[in-house]
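Chemist: If you scroll down you'll find the structure; I have some questions about it.
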There are 2 protein chains.
Amino acid sequence: MRIAIAQLNFHIGNFEGNVKKMLQYIEQARDRRADMVCFSELATCGYPPRDFLEFDDFIRQAEESVQHLAAAAYGIAVVVGSPARNPVVEGKDLFNAAFVLLDGQIIFQANKALLPTYDIFDEYRYFEPASSFDVFEFKGVRFALTICEDLWNIGNENPLYTICPMDEMMKDSPDVMINISASPFAYDHAASRIHVIRANATRYQLPLFYINHVGAQTELIFDGGSLVVSPDGKVFEELPYFEERMDVYNLDEVVRGGRESPQPKEKMSLILDALVLGVRDYFGKLNFKKAILGLSGGIDSALTAAIVARALGPANVRGVIMPSRYSSEHSISDANALAENLGIRVDFIPIEKPFSAFDKVLSPVFDDLPSDITEENIQARCRAVILMALSNKFGFILVNTSNKSEAAVGYGTLYGDMSGGLSVIGDLYKREVYELARYINSEKEIIPVSSINKPPSAELRPDQKDSDSLPDYEDLDRILYQYIEKELGPKEIIAMGFDEKLVRRVLRLVNINEFKRFQTPPVLRVSNKAFGMGRRMPIVGRYLN
Amino acid sequence: MRIAIAQLNFHIGNFEGNVKKMLQYIEQARDRRADMVCFSELATCGYPPRDFLEFDDFIRQAEESVQHLAAAAYGIAVVVGSPARNPVVEGKDLFNAAFVLLDGQIIFQANKALLPTYDIFDEYRYFEPASSFDVFEFKGVRFALTICEDLWNIGNENPLYTICPMDEMMKDSPDVMINISASPFAYDHAASRIHVIRANATRYQLPLFYINHVGAQTELIFDGGSLVVSPDGKVFEELPYFEERMDVYNLDEVVRGGRESPQPKEKMSLILDALVLGVRDYFGKLNFKKAILGLSGGIDSALTAAIVARALGPANVRGVIMPSRYSSEHSISDANALAENLGIRVDFIPIEKPFSAFDKVLSPVFDDLPSDITEENIQARCRAVILMALSNKFGFILVNTSNKSEAAVGYGTLYGDMSGGLSVIGDLYKREVYELARYINSEKEIIPVSSINKPPSAELRPDQKDSDSLPDYEDLDRILYQYIEKELGPKEIIAMGFDEKLVRRVLRLVNINEFKRFQTPPVLRVSNKAFGMGRRMPIVGRYLN
């Protein structure tokens, strides 16, 4: 028995493209004498399809896709995820299903039982959980087929769930486990994923083929890293991260085990690859090629530019230097040095003229009120108008350069520097921004060292520094991490030794700036709690503020 | 037995404020010789608290609030909704609970069994469903206490659910039903709500006290309209919509029945009251008083200004007229007439100077490329910069004036006219905008008739009309309604008689503009499918486009 696993990059709603891709891989798998080829969760429609699942027409197209694949499954069994209608009137209308296709037919259907409904997941919004559990037989081998979360309740130890699908299936004495998945990247997620997959293999003493989705869908980056694990719990194979790959395995060899071939997993390397894929797929799947961004000479825009240039190619990236009366000489020279290092085109458009024009038209209403944050915001917004004008005129997508620390506390201008189609580094705290910049520079200097070493400043008034308005990033980032990722409250964070006043100030800033984050671009998610769909907060509330 | 029902306006996370308000009403209810007073679902923490529920500190505050209320419940029983911890390790950590408090104690706890997880609702994200059903006795009367959705599966006829909590409770022979609720407004929702409540009363032949939340929480507007229904199915009392109210009922009289006292329910009147409350609570709960908005002379900004002036008072609203070289004389005079009718202050700030300044700084990069949508967007963005500058300088919140039709097809400028803290009329199709404007004018002309009668135009180029770029609103709105509210696909909509090319064009426009809507302000929801939290669509997809 030879089993192929294919981790592919699907596109939500693009049934034609997804099916075409799978047909090619079915062909290849057959050429490589595989008996079976396995694709990931909801492969026909892409994951997550979100409310498209509520459209009958969308489900019809998914059903046609399955039929289309079945018609190609001659001489090879195909395992594929797709939404399926629930024939029972009670309960949700759909199942999150895995189909086994052979010789033009659907020969088996498994439905997902454990439906993640937390963080970025909304599965119970759409799907009815499975309540029966069967195995299927193919060429004398008995397969236990599960879907993603189904394996995450090993022996009922996950407090979220009361059912353990594999425990149920063991009654039918399966020989092999297959799990099709759509499990998004977070920099610390691979370890727990591998732990869970291995724990399943050893608990049931069975080989396990785990097929993950690869590719980015707006903010979510699916990392691949599909696994073949032997009954001894050893990782027989780990497919590479962030790239499409198919491989074929001899079941006997996998059962024999004794082999370990893991992939490297260095935090900054994974994050960089994730963000590059995230940018590439955002542009590619929207059918855009070219990016534009403002270069301030600071670390955030420099890092963003480096990632985007890597993703799209330097020829497709355009930087714009837009100095104001408060910009320093080194800002301009750092921005120019960066553009030169990256090999991207850069334009120079000072904002003094539009800034003064706003000053002039506003002066009758502002009278002689002193300059304040208003004038700072006008500068940031003048830059956004210029960048969006270039975007509109030439078809660039504006890339946002905000980091997670400033997004958290609202240190940014709505409709100014918070603009853009996609936030590239919005899930990196400021200290991670530095770390990633240094990682990128480890072979040669790409991000000018002076952008890394100088004290961060928005340069919106004379001699401004971030530290005028914000706590030290060292403290800020640690407090934010406890509040955002760990969901701890003020008492618990203060008990960790942070200054009480500082903690209360930071938490208050996070909460009162929900209205700003509500209107910012999708953020490429690389941590286990990013701003966006995985963190849903009221705007109008009075908690901790 | 005298039962008080109190529909109150709570504030998410504001435990202190919510408890204080309930304590006052407990006092009042006791003064009015009530034996029991009932508050709405999750009254302690406000509804919907969203991911605040994941914070242990938040739950602790809710628990303390319940204790605080219990301590005041002397000589009167108090029914109140609040999150409660699930003592069982398996399953979600919380219940959506209703507590009965008496003489300093919690004497009973009911948990919600049917957890809506669709549209705007995410309850299964947080809560474990109840699996046991009991009634409680107080002064010799047996009460069946349920929470909101629990009543929405009459005799198991709702295909979403497999349990009917009231059917279960009937085994304990209750005398009275109480349902505490947080059911948001949609202009066509009251009828189905009343139908469900009446159907429960007649099915079980019991009196039913239904207590709804009133007040807006960002985009959601809870409408009150609490009900007392007799066993004969007659509406003994319907409390007013959109206002706080407590009343006390003699149980014997309710059981006797025979009385019908419904509230009026005219679509435009309800929508107007809903939007006024939505604006008032958005500002009030964020502790802001003053609004600013651009007045174009067109119908959308005129209607928005009229609603905001009604909500906040004319003295708290400031309009800004910002003509460009393409603005017509009648635009300015219509905007001025509106301001005069409303009694709001208006400023006049032409955008020619900043617009030309952008033109000048961009000309080296634009060369001699022809004027296109870029220059139109620059005008819209100049206006946003001016409005946001006034907002920053004087503490106004910028109010957005987009309607649902243009938001749907992306006919608007991101960071331009799509800016603002709150979208007031973003859930009204263009034809509903006209209808509401006429309704407001029905007593006297507030919105200038010429704003209503002239052909709609963005006035961003010479002689521009909406109809140059968009289909006739008559067709557009009908197609959008079928796609957005009814979730029909292209085949079904075409089968209704609409032109195929037009349908495909409209659906494509809706889908490719998801990225724009992602960054727009929260929209006050008045229909059963608004843009926002109730409609979750992928940005990067290729479905119907």
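A note on labels: chains of the structure tokens are A, B, ... as shown, every chain counts residues from 1, and ligands are counted from 1 in their shown order.
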Counting only C-alpha atoms, what is within 9 Å of B:Asp247, bar same-chain residues fewer than 3 positions away, as a PyMOL selection string?
Modeler: chain B and resi 3-6+29+239
Chemist: Can you list every residue of chain B that has an atom at most 6 Å from chain A, with its nearest atom pair and the distance in Å to one decimal, using only C-alpha atoms, ordered by chain then number, as a Markdown table?
Modeler:
| residue | atom | partner | partner_atom | distance |
| --- | --- | --- | --- | --- |
| B:Ile12 | CA | A:Gly541 | CA | 4.7 |
| B:Gly13 | CA | A:Tyr543 | CA | 4.5 |
| B:Asn14 | CA | A:Arg542 | CA | 5.1 |
| B:Arg50 | CA | A:Met537 | CA | 5.7 |
| B:Asp51 | CA | A:Arg536 | CA | 5.5 |
| B:Phe55 | CA | A:Glu487 | CA | 5.8 |
| B:Asp57 | CA | A:Gly489 | CA | 5.4 |
| B:Val89 | CA | A:Pro159 | CA | 5.6 |
| B:Glu90 | CA | A:Pro159 | CA | 4.3 |
| B:Gly91 | CA | A:Leu160 | CA | 4.3 |
| B:Lys92 | CA | A:Leu160 | CA | 5.6 |
| B:Thr117 | CA | A:Arg125 | CA | 5.0 |
| B:Tyr118 | CA | A:Arg125 | CA | 5.3 |
| B:Arg125 | CA | A:Thr117 | CA | 5.0 |
| B:Pro159 | CA | A:Glu90 | CA | 4.3 |
| B:Leu160 | CA | A:Gly91 | CA | 4.3 |
| B:Tyr161 | CA | A:Gly91 | CA | 5.3 |
| B:Thr162 | CA | A:Glu90 | CA | 6.0 |
| B:Thr218 | CA | A:Val540 | CA | 5.5 |
| B:Lys353 | CA | A:Ala357 | CA | 5.6 |
| B:Pro354 | CA | A:Ala357 | CA | 4.8 |
| B:Ala357 | CA | A:Pro354 | CA | 4.8 |
| B:Phe358 | CA | A:Pro354 | CA | 5.8 |
| B:Thr374 | CA | A:Asn392 | CA | 5.2 |
| B:Ala389 | CA | A:Thr374 | CA | 5.5 |
| B:Asn392 | CA | A:Thr374 | CA | 5.2 |
| B:Lys393 | CA | A:Thr374 | CA | 5.7 |
| B:Tyr415 | CA | A:Tyr415 | CA | 5.2 |
| B:Glu487 | CA | A:Phe55 | CA | 5.8 |
| B:Gly489 | CA | A:Asp57 | CA | 5.4 |
| B:Gln519 | CA | A:Gln519 | CA | 4.1 |
| B:Thr520 | CA | A:Gln519 | CA | 5.5 |
| B:Arg536 | CA | A:Asp51 | CA | 5.5 |
| B:Met537 | CA | A:Asp51 | CA | 5.6 |
| B:Val540 | CA | A:Thr218 | CA | 5.5 |
| B:Gly541 | CA | A:Ile12 | CA | 4.7 |
| B:Arg542 | CA | A:Asn14 | CA | 5.1 |
| B:Tyr543 | CA | A:Gly13 | CA | 4.5 |
Chemist: Would you save the residues of that selection, restricted to N, CA and C atoms, as a compact mmCIF listing (two decimals), in the first residue's frame?
Modeler:
# COMPACT_ATOMS: atom_id res chain seq x y z
N ILE B 12 -21.75 47.40 28.27
CA ILE B 12 -20.85 46.24 28.33
C ILE B 12 -19.64 46.53 29.23
N GLY B 13 -19.43 45.64 30.18
CA GLY B 13 -18.25 45.73 31.04
C GLY B 13 -18.36 46.72 32.17
N ASN B 14 -19.41 47.52 32.15
CA ASN B 14 -19.60 48.55 33.17
C ASN B 14 -20.41 47.95 34.33
N ARG B 50 -18.71 39.57 24.15
CA ARG B 50 -17.71 39.04 23.23
C ARG B 50 -16.51 38.44 23.99
N ASP B 51 -15.29 38.67 23.52
CA ASP B 51 -14.15 37.95 24.11
C ASP B 51 -13.74 38.42 25.50
N PHE B 55 -11.85 36.42 29.85
CA PHE B 55 -11.01 36.94 30.92
C PHE B 55 -11.59 36.55 32.28
N ASP B 57 -10.90 37.69 35.08
CA ASP B 57 -11.21 38.90 35.85
C ASP B 57 -12.61 39.42 35.53
N VAL B 89 -15.37 19.94 34.13
CA VAL B 89 -14.17 20.23 33.34
C VAL B 89 -14.45 20.15 31.85
N GLU B 90 -15.21 19.14 31.43
CA GLU B 90 -15.48 18.99 30.00
C GLU B 90 -16.43 20.08 29.50
N GLY B 91 -16.21 20.49 28.28
CA GLY B 91 -17.08 21.48 27.67
C GLY B 91 -16.56 22.89 27.89
N LYS B 92 -17.30 23.87 27.38
CA LYS B 92 -16.91 25.26 27.52
C LYS B 92 -16.91 25.67 28.98
N THR B 117 -25.64 30.56 17.25
CA THR B 117 -24.29 30.68 16.69
C THR B 117 -24.47 30.85 15.19
N TYR B 118 -24.93 32.01 14.82
CA TYR B 118 -25.19 32.36 13.43
C TYR B 118 -25.34 33.88 13.39
N ARG B 125 -19.21 29.98 20.99
CA ARG B 125 -17.80 30.32 21.20
C ARG B 125 -17.45 30.34 22.70
N PRO B 159 -35.42 23.81 12.92
CA PRO B 159 -34.49 22.77 12.46
C PRO B 159 -33.09 22.91 13.04
N LEU B 160 -32.77 24.07 13.64
CA LEU B 160 -31.41 24.23 14.16
C LEU B 160 -31.17 23.40 15.41
N TYR B 161 -32.22 23.06 16.13
CA TYR B 161 -32.01 22.49 17.46
C TYR B 161 -32.74 21.16 17.62
N THR B 162 -32.24 20.38 18.56
CA THR B 162 -32.84 19.06 18.79
C THR B 162 -33.50 18.98 20.16
N THR B 218 -22.63 49.41 20.27
CA THR B 218 -21.95 49.61 19.00
C THR B 218 -22.97 49.39 17.87
N LYS B 353 -7.58 74.33 -2.30
CA LYS B 353 -6.15 74.53 -1.98
C LYS B 353 -5.43 73.22 -1.70
N PRO B 354 -5.88 72.40 -0.75
CA PRO B 354 -5.16 71.13 -0.57
C PRO B 354 -5.24 70.23 -1.82
N ALA B 357 -2.65 71.35 -4.10
CA ALA B 357 -1.33 71.05 -3.56
C ALA B 357 -0.96 69.59 -3.83
N PHE B 358 -1.92 68.68 -3.65
CA PHE B 358 -1.65 67.28 -3.98
C PHE B 358 -1.37 67.12 -5.47
N THR B 374 -8.46 58.45 -9.56
CA THR B 374 -7.46 58.90 -8.58
C THR B 374 -7.80 60.29 -8.08
N ALA B 389 -9.40 66.45 11.13
CA ALA B 389 -8.66 67.50 11.82
C ALA B 389 -9.57 68.22 12.82
N ASN B 392 -10.15 65.83 15.67
CA ASN B 392 -9.00 65.79 16.60
C ASN B 392 -8.90 67.06 17.42
N LYS B 393 -9.11 68.21 16.78
CA LYS B 393 -8.89 69.48 17.47
C LYS B 393 -9.96 69.76 18.52
N TYR B 415 -10.88 55.75 3.27
CA TYR B 415 -10.16 56.86 3.91
C TYR B 415 -10.67 58.21 3.40
N GLU B 487 -29.50 35.67 0.79
CA GLU B 487 -28.39 34.76 0.49
C GLU B 487 -28.68 33.84 -0.70
N GLY B 489 -28.09 32.77 -4.68
CA GLY B 489 -26.99 32.77 -5.63
C GLY B 489 -27.42 33.34 -6.97
N GLN B 519 -12.65 47.74 6.32
CA GLN B 519 -12.01 48.86 7.01
C GLN B 519 -12.97 50.00 7.32
N THR B 520 -14.25 49.76 7.18
CA THR B 520 -15.19 50.85 7.42
C THR B 520 -15.76 50.75 8.83
N ARG B 536 -19.86 37.49 7.51
CA ARG B 536 -18.41 37.28 7.60
C ARG B 536 -17.92 36.64 6.33
N MET B 537 -17.25 37.43 5.53
CA MET B 537 -16.86 36.97 4.21
C MET B 537 -15.35 37.01 4.05
N VAL B 540 -9.93 37.51 0.47
CA VAL B 540 -9.21 36.90 -0.64
C VAL B 540 -9.95 35.64 -1.05
N GLY B 541 -10.81 35.78 -2.03
CA GLY B 541 -11.52 34.64 -2.56
C GLY B 541 -11.78 34.87 -4.02
N ARG B 542 -12.29 33.85 -4.69
CA ARG B 542 -12.62 34.07 -6.10
C ARG B 542 -13.99 33.47 -6.39
N TYR B 543 -14.95 33.80 -5.59
CA TYR B 543 -16.30 33.26 -5.76
C TYR B 543 -17.18 34.33 -6.41
Chemist: Let's see if you can do this: from backbone DSSP, list all helix (DSSP H, G or I) residues in stretch 282-354 of chain A, as a count of residues only.
Modeler: 39
Chemist: Find the residues around A:Phe222 up to 12 Å (only C-alpha atoms counted), leave out those fewer than 6 positions away in its own chain, and share them as a PyMOL selection string.
Modeler: chain A and resi 7-11+40-41+46-48+181-187+189-190+211-216+241-244+270+273-275+277-278+281+524-526
Chemist: So which one's closest to B:Asp188, B:Asp252, B:Cys164, B:Pro174, B:Ser527? Using only C-alpha atoms, please.
Modeler: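 For B:Asp188, the nearest of the candidates is B:Ser527.
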Chemist: My list of candidates is A:Gly224, A:Gly313, A:Gly319, A:Pro231. Which is closest to A:Gly294 when distances are computed with only C-alpha atoms?
Modeler: A:Gly319
Chemist: Neighbouring residues of B:Phe531 were defined as those with any atom within 8 Å, considering only C-alpha atoms; residues of the same chain fewer than 5 positions away were excluded. Please report them as a VMD selection string.
Modeler: chain B and resid 426 to 427 517 523
Chemist: Save the residues we just selected, N, CA and C atoms, as a compact mmCIF listing (two decimals), in the first residue's frame?
Modeler:
# COMPACT_ATOMS: atom_id res chain seq x y z
N GLY B 426 -25.78 53.05 7.17
CA GLY B 426 -25.11 52.03 6.35
C GLY B 426 -25.88 50.73 6.22
N ASP B 427 -27.00 50.61 6.93
CA ASP B 427 -27.83 49.42 6.73
C ASP B 427 -29.13 49.77 6.00
N ARG B 517 -15.05 47.19 2.74
CA ARG B 517 -15.96 47.15 3.89
C ARG B 517 -15.26 46.71 5.16
N VAL B 523 -21.58 49.54 11.50
CA VAL B 523 -22.82 49.98 10.87
C VAL B 523 -23.98 49.69 11.81
Chemist: Using only C-alpha atoms, which of the listed residues (A:Ala530, A:Val228, A:Ile120, A:Ile299) sits closest to A:Lys454?
Modeler: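 Going through A:Ala530, A:Val228, A:Ile120, A:Ile299 one by one, the smallest distance to A:Lys454 is for A:Ile299.
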Chemist: Mind the document's chain letters and residue numbers, and return as a list in words the residues of stretch 332-474 of chain A that DSSP labels strand (DSSP E or B).
Modeler: Arg345, Val346, Asp347, Phe348, Ile397, Leu398, Val399, Asn400, Leu422 and Ser423 of chain A
Chemist: Can I get the selection written as a PDB file, in the first residue's frame, with C-alpha atoms?
Modeler:
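File produced: out26.pdb:
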ATOM      1  CA  ARG A 345      12.385  52.133  -6.840  1.00  0.00           C
ATOM      2  CA  VAL A 346      11.871  55.052  -4.554  1.00  0.00           C
ATOM      3  CA  ASP A 347      10.049  58.330  -5.075  1.00  0.00           C
ATOM      4  CA  PHE A 348      10.576  61.516  -3.128  1.00  0.00           C
ATOM      5  CA  ILE A 397      -1.713  47.821  -3.243  1.00  0.00           C
ATOM      6  CA  LEU A 398      -0.703  49.982  -0.316  1.00  0.00           C
ATOM      7  CA  VAL A 399       1.033  47.915   2.334  1.00  0.00           C
ATOM      8  CA  ASN A 400       0.591  48.855   5.982  1.00  0.00           C
ATOM      9  CA  LEU A 422      -2.675  44.357   4.321  1.00  0.00           C
ATOM     10  CA  SER A 423      -0.791  44.692   7.584  1.00  0.00           C
TER      11      SER A 423
END
Chemist: Excluding A:Val78 and residues on its chain fewer than 2 positions from it, collect all residues at most 6 Å away from it, counting only C-alpha atoms, and give them as an MDAnalysis selection string.
Modeler: chainID A and resid 36:38 100:101
